[in-house]
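Engineer: Following this line is data.cif, made up of mmCIF, C-alpha atoms:
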data_my_file
#
loop_
_atom_site.label_atom_id
_atom_site.label_comp_id
_atom_site.auth_asym_id
_atom_site.auth_seq_id
_atom_site.Cartn_x
_atom_site.Cartn_y
_atom_site.Cartn_z
CA MET A 1135 -26.28 -68.23 122.75
CA SER A 1136 -23.83 -65.33 122.76
CA SER A 1137 -22.93 -63.24 119.76
CA THR A 1138 -19.37 -62.27 118.98
CA LEU A 1139 -17.75 -59.90 116.53
CA ASN A 1140 -14.16 -59.72 115.37
CA GLN A 1141 -13.94 -56.48 113.40
CA VAL A 1142 -11.29 -53.77 113.16
CA THR A 1143 -11.59 -50.39 111.44
CA LEU A 1144 -8.49 -48.25 110.95
CA ILE A 1145 -7.63 -45.04 109.17
CA GLY A 1146 -3.91 -44.54 108.99
CA ASN A 1147 -0.79 -43.93 106.95
CA VAL A 1148 1.04 -46.63 105.02
CA GLY A 1149 4.59 -47.38 106.11
CA ASN A 1150 5.83 -50.37 104.17
CA VAL A 1151 4.20 -52.42 101.40
CA GLU A 1152 5.47 -55.93 100.68
CA VAL A 1153 3.79 -58.04 97.97
CA ARG A 1154 4.67 -61.70 97.43
CA ASP A 1155 3.57 -64.48 95.14
CA VAL A 1156 3.17 -67.88 96.83
CA ASN A 1157 2.17 -70.82 94.64
CA GLY A 1158 0.52 -68.48 92.13
CA LYS A 1159 -1.45 -66.59 94.82
CA LYS A 1160 -0.55 -63.01 95.69
CA TYR A 1161 -0.56 -61.58 99.16
CA ALA A 1162 0.37 -58.16 100.47
CA LYS A 1163 1.68 -57.27 103.89
CA VAL A 1164 1.12 -53.59 104.62
CA SER A 1165 2.21 -51.70 107.74
CA VAL A 1166 -0.25 -48.98 108.73
CA ALA A 1167 0.43 -46.34 111.40
CA THR A 1168 -2.28 -44.80 113.56
CA SER A 1169 -1.61 -42.03 116.08
CA GLU A 1170 -3.37 -40.67 119.11
CA GLY A 1171 -2.64 -37.97 121.63
CA GLY A 1172 -0.70 -34.85 120.92
CA GLY A 1173 -1.87 -31.42 121.91
CA MET A 1174 -2.54 -30.21 125.46
CA LYS A 1175 -4.44 -31.65 128.45
CA ASP A 1176 -4.84 -29.66 131.66
CA GLY A 1177 -2.21 -27.22 130.40
CA GLN A 1178 0.36 -29.98 129.91
CA PRO A 1179 1.61 -31.25 126.55
CA VAL A 1180 0.45 -34.77 125.69
CA PRO A 1181 2.89 -36.68 123.50
CA GLU A 1182 1.62 -38.24 120.31
CA VAL A 1183 1.74 -42.04 120.40
CA THR A 1184 2.00 -43.99 117.14
CA MET A 1185 0.97 -47.64 116.84
CA TRP A 1186 1.93 -49.82 113.88
CA HIS A 1187 -0.48 -52.46 112.54
CA THR A 1188 0.25 -55.28 110.11
CA VAL A 1189 -2.49 -55.68 107.49
CA MET A 1190 -2.68 -58.73 105.21
CA CYS A 1191 -4.44 -58.61 101.81
CA PHE A 1192 -4.91 -61.45 99.33
CA ASP A 1193 -5.32 -62.14 95.59
CA GLY A 1194 -6.99 -59.30 93.64
CA GLN A 1195 -6.82 -57.02 96.62
CA ALA A 1196 -3.06 -57.66 96.89
CA SER A 1197 -2.61 -56.89 93.18
CA THR A 1198 -4.41 -53.58 93.59
CA ILE A 1199 -2.33 -52.75 96.67
CA GLU A 1200 0.83 -53.46 94.63
CA LYS A 1201 -0.26 -51.07 91.85
CA CYS A 1202 -1.93 -48.26 93.80
CA VAL A 1203 -0.64 -48.01 97.38
CA ALA A 1204 2.70 -46.54 98.45
CA LYS A 1205 4.44 -45.35 101.59
CA GLY A 1206 2.79 -42.24 103.01
CA ASP A 1207 -0.67 -42.87 101.51
CA LYS A 1208 -3.69 -42.64 103.81
CA VAL A 1209 -5.85 -45.78 103.81
CA GLY A 1210 -9.03 -46.96 105.45
CA ILE A 1211 -9.03 -50.61 106.50
CA VAL A 1212 -11.87 -52.87 107.60
CA GLY A 1213 -10.96 -56.38 108.62
CA ARG A 1214 -10.59 -58.88 111.43
CA LEU A 1215 -7.83 -59.81 113.86
CA ARG A 1216 -5.91 -63.03 113.38
CA GLU A 1217 -3.25 -64.40 115.73
CA ARG A 1218 -0.29 -66.25 114.23
CA LYS A 1219 2.16 -68.32 116.26
CA TYR A 1220 5.63 -69.15 114.97
CA THR A 1221 9.10 -70.13 116.16
CA ASP A 1222 11.85 -67.62 115.41
CA ASN A 1223 15.45 -68.33 114.35
CA ASN A 1224 16.51 -68.61 118.01
CA ASN A 1225 13.90 -71.35 118.58
CA ILE A 1226 11.73 -69.01 120.68
CA GLU A 1227 7.98 -69.35 120.23
CA ARG A 1228 6.42 -66.01 119.28
CA LYS A 1229 3.02 -64.71 118.31
CA GLU A 1230 1.84 -61.76 116.29
CA ILE A 1231 -1.56 -60.29 115.67
CA ASN A 1232 -2.37 -59.25 112.12
CA ILE A 1233 -5.40 -57.67 110.51
CA ILE A 1234 -6.90 -59.67 107.65
CA ALA A 1235 -8.41 -56.98 105.41
CA SER A 1236 -11.87 -57.42 103.99
CA ASN A 1237 -11.93 -53.91 102.53
CA VAL A 1238 -9.18 -51.38 101.81
CA VAL A 1239 -9.91 -47.86 100.59
CA LEU A 1240 -7.23 -45.48 99.37
CA MET A 1241 -8.21 -42.19 101.01
CA SER A 1242 -5.41 -39.95 99.79
CA LYS A 1243 -2.15 -40.34 97.97
CA LYS A 1244 1.05 -38.71 99.06
CA SER A 1245 1.37 -37.53 95.46
CA ALA A 1246 -1.44 -35.77 93.57
CA GLN A 1247 -2.53 -38.76 91.45
CA PRO A 1248 -6.09 -40.14 91.09
CA GLN A 1249 -7.42 -42.08 94.08
CA PRO A 1250 -8.62 -45.57 93.11
CA GLN A 1251 -10.32 -47.91 95.57
CA THR A 1252 -9.06 -51.42 96.10
CA GLN A 1253 -11.24 -54.46 95.69
CA SER A 1254 -13.03 -56.03 98.62
CA ASN A 1255 -11.98 -59.60 99.31
CA ASN A 1256 -13.77 -61.35 102.17
CA ASP A 1257 -12.29 -64.78 101.45
CA TYR A 1258 -8.62 -65.58 101.43
CA PRO A 1259 -7.06 -68.76 100.13
CA TRP A 1260 -5.00 -69.94 103.10
CA PRO A 1261 -4.81 -69.36 106.85
CA ILE A 1262 -2.20 -67.07 108.33
#
As structure tokens, please, write out the structure in this file.
Structural biologist:
Amino acid sequence: MSSTLNQVTLIGNVGNVEVRDVNGKKYAKVSVATSEGGGMKDGQPVPEVTMWHTVMCFDGQASTIEKCVAKGDKVGIVGRLRERKYTDNNNIERKEINIIASNVVLMSKKSAQPQPQTQSNNDYPWPI
């Protein structure tokens, strides 16, 4: 029997925060940017490359995100990858890969306010 693991750990900066209420359940969709590169390699400049990740949070975690997280904040995310297939407005089948957060930690705020941690939420009420 083989073992598998679907786990993602990110530390990045928040871009956009979108919180919605669906049938009395809250969910948050947070874009998080991570960067790599930059600096010099073999005397040549290496450009910095930024990658954007979509992180989904649910219920109490989404409520905390709504109250405490804003654009520019640094967050730590632990979660798992989830693929979602959908058909766009032009009737083209698409897929996206999101991160379903099990733990979100506010590492620093863009402003100098206190730094609360968000709740951990391993279960979410509906599939993505």
Engineer: Grab the CA of Gly1194 (chain A) to CA of Lys1219 (chain A) distance for me, in Å with one decimal place.
Structural biologist: 26.0 Å
Engineer: With all atoms listed in the file as the basis for distance, which of A:Gly1177, A:Lys1244, A:Glu1170, A:Glu1182 is at the shortest distance from Gly1149 (chain A)?
Structural biologist: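 Between A:Gly1177, A:Lys1244, A:Glu1170, A:Glu1182, the residue approaching Gly1149 (chain A) most closely is A:Lys1244.
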Engineer: Around all the atoms of region 1225-1238 of chain A listed in the file, with 3 Å of room on each side, what axis-aligned box do you get, giving centre and edge lengths in Å to one decimal, as JSON?
Structural biologist:
{"center_x": 1.0, "center_y": -61.4, "center_z": 111.2, "size_x": 31.8, "size_y": 26.0, "size_z": 24.9}
Engineer: Can you translate the PyMOL selection byres ((chain A and resi 1143) around 6) into the concrete residues it hits in this file, as JSON, numbers by chain?
Structural biologist: {"A": [1142, 1144, 1211, 1212]}
Engineer: Skipping near chain neighbours, those fewer than 2 positions away, what residues fall within 6 Å of region 1195-1205 of chain A using all atoms listed in the file, listed as a list in words?
Structural biologist: Val1148, Gly1149, Asn1150, Tyr1161, Ala1162, Cys1191, Phe1192, Asp1193, Asp1207, Thr1252 and Gln1253 of chain A
Engineer: Restricting the calculation to all atoms listed in the file, which member of A:Val1153, A:Val1209, A:Val1166, A:Ile1226 is positioned closest to Met1185 (chain A)?
Structural biologist: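 Selected residue with least distance to Met1185 (chain A): A:Val1166.
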Engineer: What is the CA of Val1180 (chain A) to CA of Ser1242 (chain A) distance in Å?
Structural biologist: 27.1 Å
Engineer: What does the distance between CA of Val1239 (chain A) and CA of Gly1210 (chain A) come to in Å, to one decimal place?
Structural biologist: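 It comes out at 5.0 Å.
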Engineer: Which protein, DNA or RNA residues are at most 10 Å from (5.5, -68.7, 117.2) in the file's coordinates when you count only C-alpha atoms, listed as an mmCIF file with C-alpha atoms, in the coordinates of the input?
Structural biologist:
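out20.cif, freshly written:
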data_model
loop_
_atom_site.group_PDB
_atom_site.id
_atom_site.type_symbol
_atom_site.label_atom_id
_atom_site.label_comp_id
_atom_site.auth_asym_id
_atom_site.auth_seq_id
_atom_site.Cartn_x
_atom_site.Cartn_y
_atom_site.Cartn_z
ATOM 1 C CA GLU A 1217 -3.250 -64.400 115.730
ATOM 2 C CA ARG A 1218 -0.290 -66.250 114.230
ATOM 3 C CA LYS A 1219 2.160 -68.320 116.260
ATOM 4 C CA TYR A 1220 5.630 -69.150 114.970
ATOM 5 C CA THR A 1221 9.100 -70.130 116.160
ATOM 6 C CA ASP A 1222 11.850 -67.620 115.410
ATOM 7 C CA ASN A 1225 13.900 -71.350 118.580
ATOM 8 C CA ILE A 1226 11.730 -69.010 120.680
ATOM 9 C CA GLU A 1227 7.980 -69.350 120.230
ATOM 10 C CA ARG A 1228 6.420 -66.010 119.280
ATOM 11 C CA LYS A 1229 3.020 -64.710 118.310
ATOM 12 C CA GLU A 1230 1.840 -61.760 116.290
#
Engineer: To verify the selection step, state as a PyMOL selection string which residues the PyMOL selection byres ((chain A and resi 1214) around 6) yields on this input.
Structural biologist: chain A and resi 1140-1142+1213+1215+1233-1234
Engineer: Which residues come within 7 Å of Val1164 (chain A), counting only C-alpha atoms, excluding same-chain residues fewer than 3 positions away, as a ChimeraX atom specification?
Structural biologist: /A:1148,1150-1152,1188-1190
Engineer: Counting all atoms listed in the file, figure out which residue out of A:Ile1145, A:Lys1175, A:Gly1206, A:Trp1186 gets nearest to Ile1231 (chain A).
Structural biologist: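 Selected residue with least distance to Ile1231 (chain A): A:Trp1186.
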Engineer: Give me region 1177-1189 of chain A from this structure - all heavy atoms, as a PDB file, in the first residue's frame.
Structural biologist:
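Output below, filename part.pdb:
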ATOM      1  N   GLY A1177      27.065  36.377 -11.767  1.00  0.00           N
ATOM      2  CA  GLY A1177      27.310  37.748 -12.207  1.00  0.00           C
ATOM      3  C   GLY A1177      26.194  38.342 -13.052  1.00  0.00           C
ATOM      4  O   GLY A1177      26.324  39.454 -13.538  1.00  0.00           O
ATOM      5  N   GLN A1178      25.122  37.598 -13.254  1.00  0.00           N
ATOM      6  CA  GLN A1178      24.003  38.078 -14.062  1.00  0.00           C
ATOM      7  C   GLN A1178      22.783  38.301 -13.179  1.00  0.00           C
ATOM      8  O   GLN A1178      22.516  37.500 -12.278  1.00  0.00           O
ATOM      9  CB  GLN A1178      23.645  37.052 -15.146  1.00  0.00           C
ATOM     10  CG  GLN A1178      24.755  36.792 -16.144  1.00  0.00           C
ATOM     11  CD  GLN A1178      25.063  38.024 -16.974  1.00  0.00           C
ATOM     12  OE1 GLN A1178      24.169  38.754 -17.374  1.00  0.00           O
ATOM     13  NE2 GLN A1178      26.355  38.263 -17.212  1.00  0.00           N
ATOM     14  N   PRO A1179      22.030  39.360 -13.434  1.00  0.00           N
ATOM     15  CA  PRO A1179      20.816  39.579 -12.634  1.00  0.00           C
ATOM     16  C   PRO A1179      19.767  38.510 -12.938  1.00  0.00           C
ATOM     17  O   PRO A1179      19.570  38.122 -14.084  1.00  0.00           O
ATOM     18  CB  PRO A1179      20.339  40.960 -13.064  1.00  0.00           C
ATOM     19  CG  PRO A1179      20.980  41.225 -14.376  1.00  0.00           C
ATOM     20  CD  PRO A1179      22.243  40.406 -14.435  1.00  0.00           C
ATOM     21  N   VAL A1180      19.128  38.020 -11.877  1.00  0.00           N
ATOM     22  CA  VAL A1180      18.045  37.048 -12.005  1.00  0.00           C
ATOM     23  C   VAL A1180      16.750  37.774 -11.674  1.00  0.00           C
ATOM     24  O   VAL A1180      16.611  38.328 -10.585  1.00  0.00           O
ATOM     25  CB  VAL A1180      18.246  35.863 -11.028  1.00  0.00           C
ATOM     26  CG1 VAL A1180      17.080  34.896 -11.110  1.00  0.00           C
ATOM     27  CG2 VAL A1180      19.563  35.165 -11.298  1.00  0.00           C
ATOM     28  N   PRO A1181      15.810  37.787 -12.621  1.00  0.00           N
ATOM     29  CA  PRO A1181      14.560  38.508 -12.340  1.00  0.00           C
ATOM     30  C   PRO A1181      13.739  37.798 -11.265  1.00  0.00           C
ATOM     31  O   PRO A1181      13.761  36.571 -11.147  1.00  0.00           O
ATOM     32  CB  PRO A1181      13.826  38.493 -13.679  1.00  0.00           C
ATOM     33  CG  PRO A1181      14.413  37.366 -14.437  1.00  0.00           C
ATOM     34  CD  PRO A1181      15.817  37.183 -13.943  1.00  0.00           C
ATOM     35  N   GLU A1182      13.025  38.597 -10.487  1.00  0.00           N
ATOM     36  CA  GLU A1182      12.123  38.039  -9.495  1.00  0.00           C
ATOM     37  C   GLU A1182      10.849  37.574 -10.198  1.00  0.00           C
ATOM     38  O   GLU A1182      10.326  38.270 -11.061  1.00  0.00           O
ATOM     39  CB  GLU A1182      11.784  39.087  -8.441  1.00  0.00           C
ATOM     40  CG  GLU A1182      10.923  38.554  -7.321  1.00  0.00           C
ATOM     41  CD  GLU A1182      10.695  39.585  -6.239  1.00  0.00           C
ATOM     42  OE1 GLU A1182       9.838  40.458  -6.453  1.00  0.00           O
ATOM     43  OE2 GLU A1182      11.390  39.517  -5.218  1.00  0.00           O
ATOM     44  N   VAL A1183      10.389  36.375  -9.860  1.00  0.00           N
ATOM     45  CA  VAL A1183       9.182  35.820 -10.455  1.00  0.00           C
ATOM     46  C   VAL A1183       8.136  35.686  -9.356  1.00  0.00           C
ATOM     47  O   VAL A1183       8.395  35.097  -8.307  1.00  0.00           O
ATOM     48  CB  VAL A1183       9.466  34.437 -11.086  1.00  0.00           C
ATOM     49  CG1 VAL A1183       8.187  33.831 -11.644  1.00  0.00           C
ATOM     50  CG2 VAL A1183      10.517  34.551 -12.161  1.00  0.00           C
ATOM     51  N   THR A1184       6.956  36.253  -9.589  1.00  0.00           N
ATOM     52  CA  THR A1184       5.870  36.196  -8.611  1.00  0.00           C
ATOM     53  C   THR A1184       4.802  35.238  -9.106  1.00  0.00           C
ATOM     54  O   THR A1184       4.423  35.274 -10.274  1.00  0.00           O
ATOM     55  CB  THR A1184       5.261  37.592  -8.393  1.00  0.00           C
ATOM     56  OG1 THR A1184       6.288  38.456  -7.905  1.00  0.00           O
ATOM     57  CG2 THR A1184       4.114  37.550  -7.395  1.00  0.00           C
ATOM     58  N   MET A1185       4.323  34.381  -8.205  1.00  0.00           N
ATOM     59  CA  MET A1185       3.246  33.443  -8.517  1.00  0.00           C
ATOM     60  C   MET A1185       2.073  33.749  -7.599  1.00  0.00           C
ATOM     61  O   MET A1185       2.255  33.965  -6.402  1.00  0.00           O
ATOM     62  CB  MET A1185       3.717  32.013  -8.311  1.00  0.00           C
ATOM     63  CG  MET A1185       2.674  30.979  -8.600  1.00  0.00           C
ATOM     64  SD  MET A1185       3.359  29.339  -8.463  1.00  0.00           S
ATOM     65  CE  MET A1185       3.044  28.760 -10.093  1.00  0.00           C
ATOM     66  N   TRP A1186       0.872  33.768  -8.161  1.00  0.00           N
ATOM     67  CA  TRP A1186      -0.336  34.036  -7.387  1.00  0.00           C
ATOM     68  C   TRP A1186      -1.072  32.738  -7.114  1.00  0.00           C
ATOM     69  O   TRP A1186      -1.226  31.903  -8.005  1.00  0.00           O
ATOM     70  CB  TRP A1186      -1.250  35.004  -8.136  1.00  0.00           C
ATOM     71  CG  TRP A1186      -0.705  36.390  -8.117  1.00  0.00           C
ATOM     72  CD1 TRP A1186       0.089  36.984  -9.059  1.00  0.00           C
ATOM     73  CD2 TRP A1186      -0.870  37.348  -7.079  1.00  0.00           C
ATOM     74  NE1 TRP A1186       0.413  38.250  -8.670  1.00  0.00           N
ATOM     75  CE2 TRP A1186      -0.165  38.513  -7.455  1.00  0.00           C
ATOM     76  CE3 TRP A1186      -1.554  37.346  -5.855  1.00  0.00           C
ATOM     77  CZ2 TRP A1186      -0.130  39.656  -6.671  1.00  0.00           C
ATOM     78  CZ3 TRP A1186      -1.521  38.495  -5.082  1.00  0.00           C
ATOM     79  CH2 TRP A1186      -0.814  39.620  -5.484  1.00  0.00           C
ATOM     80  N   HIS A1187      -1.516  32.567  -5.875  1.00  0.00           N
ATOM     81  CA  HIS A1187      -2.231  31.372  -5.430  1.00  0.00           C
ATOM     82  C   HIS A1187      -3.604  31.788  -4.921  1.00  0.00           C
ATOM     83  O   HIS A1187      -3.740  32.817  -4.260  1.00  0.00           O
ATOM     84  CB  HIS A1187      -1.472  30.686  -4.286  1.00  0.00           C
ATOM     85  CG  HIS A1187      -0.018  30.513  -4.566  1.00  0.00           C
ATOM     86  ND1 HIS A1187       0.483  29.436  -5.255  1.00  0.00           N
ATOM     87  CD2 HIS A1187       1.050  31.296  -4.268  1.00  0.00           C
ATOM     88  CE1 HIS A1187       1.805  29.550  -5.352  1.00  0.00           C
ATOM     89  NE2 HIS A1187       2.165  30.680  -4.762  1.00  0.00           N
ATOM     90  N   THR A1188      -4.607  30.967  -5.198  1.00  0.00           N
ATOM     91  CA  THR A1188      -5.948  31.209  -4.687  1.00  0.00           C
ATOM     92  C   THR A1188      -6.171  30.303  -3.485  1.00  0.00           C
ATOM     93  O   THR A1188      -6.064  29.079  -3.591  1.00  0.00           O
ATOM     94  CB  THR A1188      -7.012  30.928  -5.763  1.00  0.00           C
ATOM     95  OG1 THR A1188      -6.745  31.769  -6.880  1.00  0.00           O
ATOM     96  CG2 THR A1188      -8.406  31.207  -5.231  1.00  0.00           C
ATOM     97  N   VAL A1189      -6.460  30.910  -2.338  1.00  0.00           N
ATOM     98  CA  VAL A1189      -6.664  30.174  -1.090  1.00  0.00           C
ATOM     99  C   VAL A1189      -8.122  30.313  -0.679  1.00  0.00           C
ATOM    100  O   VAL A1189      -8.658  31.419  -0.653  1.00  0.00           O
ATOM    101  CB  VAL A1189      -5.740  30.730   0.024  1.00  0.00           C
ATOM    102  CG1 VAL A1189      -5.962  29.986   1.336  1.00  0.00           C
ATOM    103  CG2 VAL A1189      -4.278  30.647  -0.406  1.00  0.00           C
TER     104      VAL A1189
END
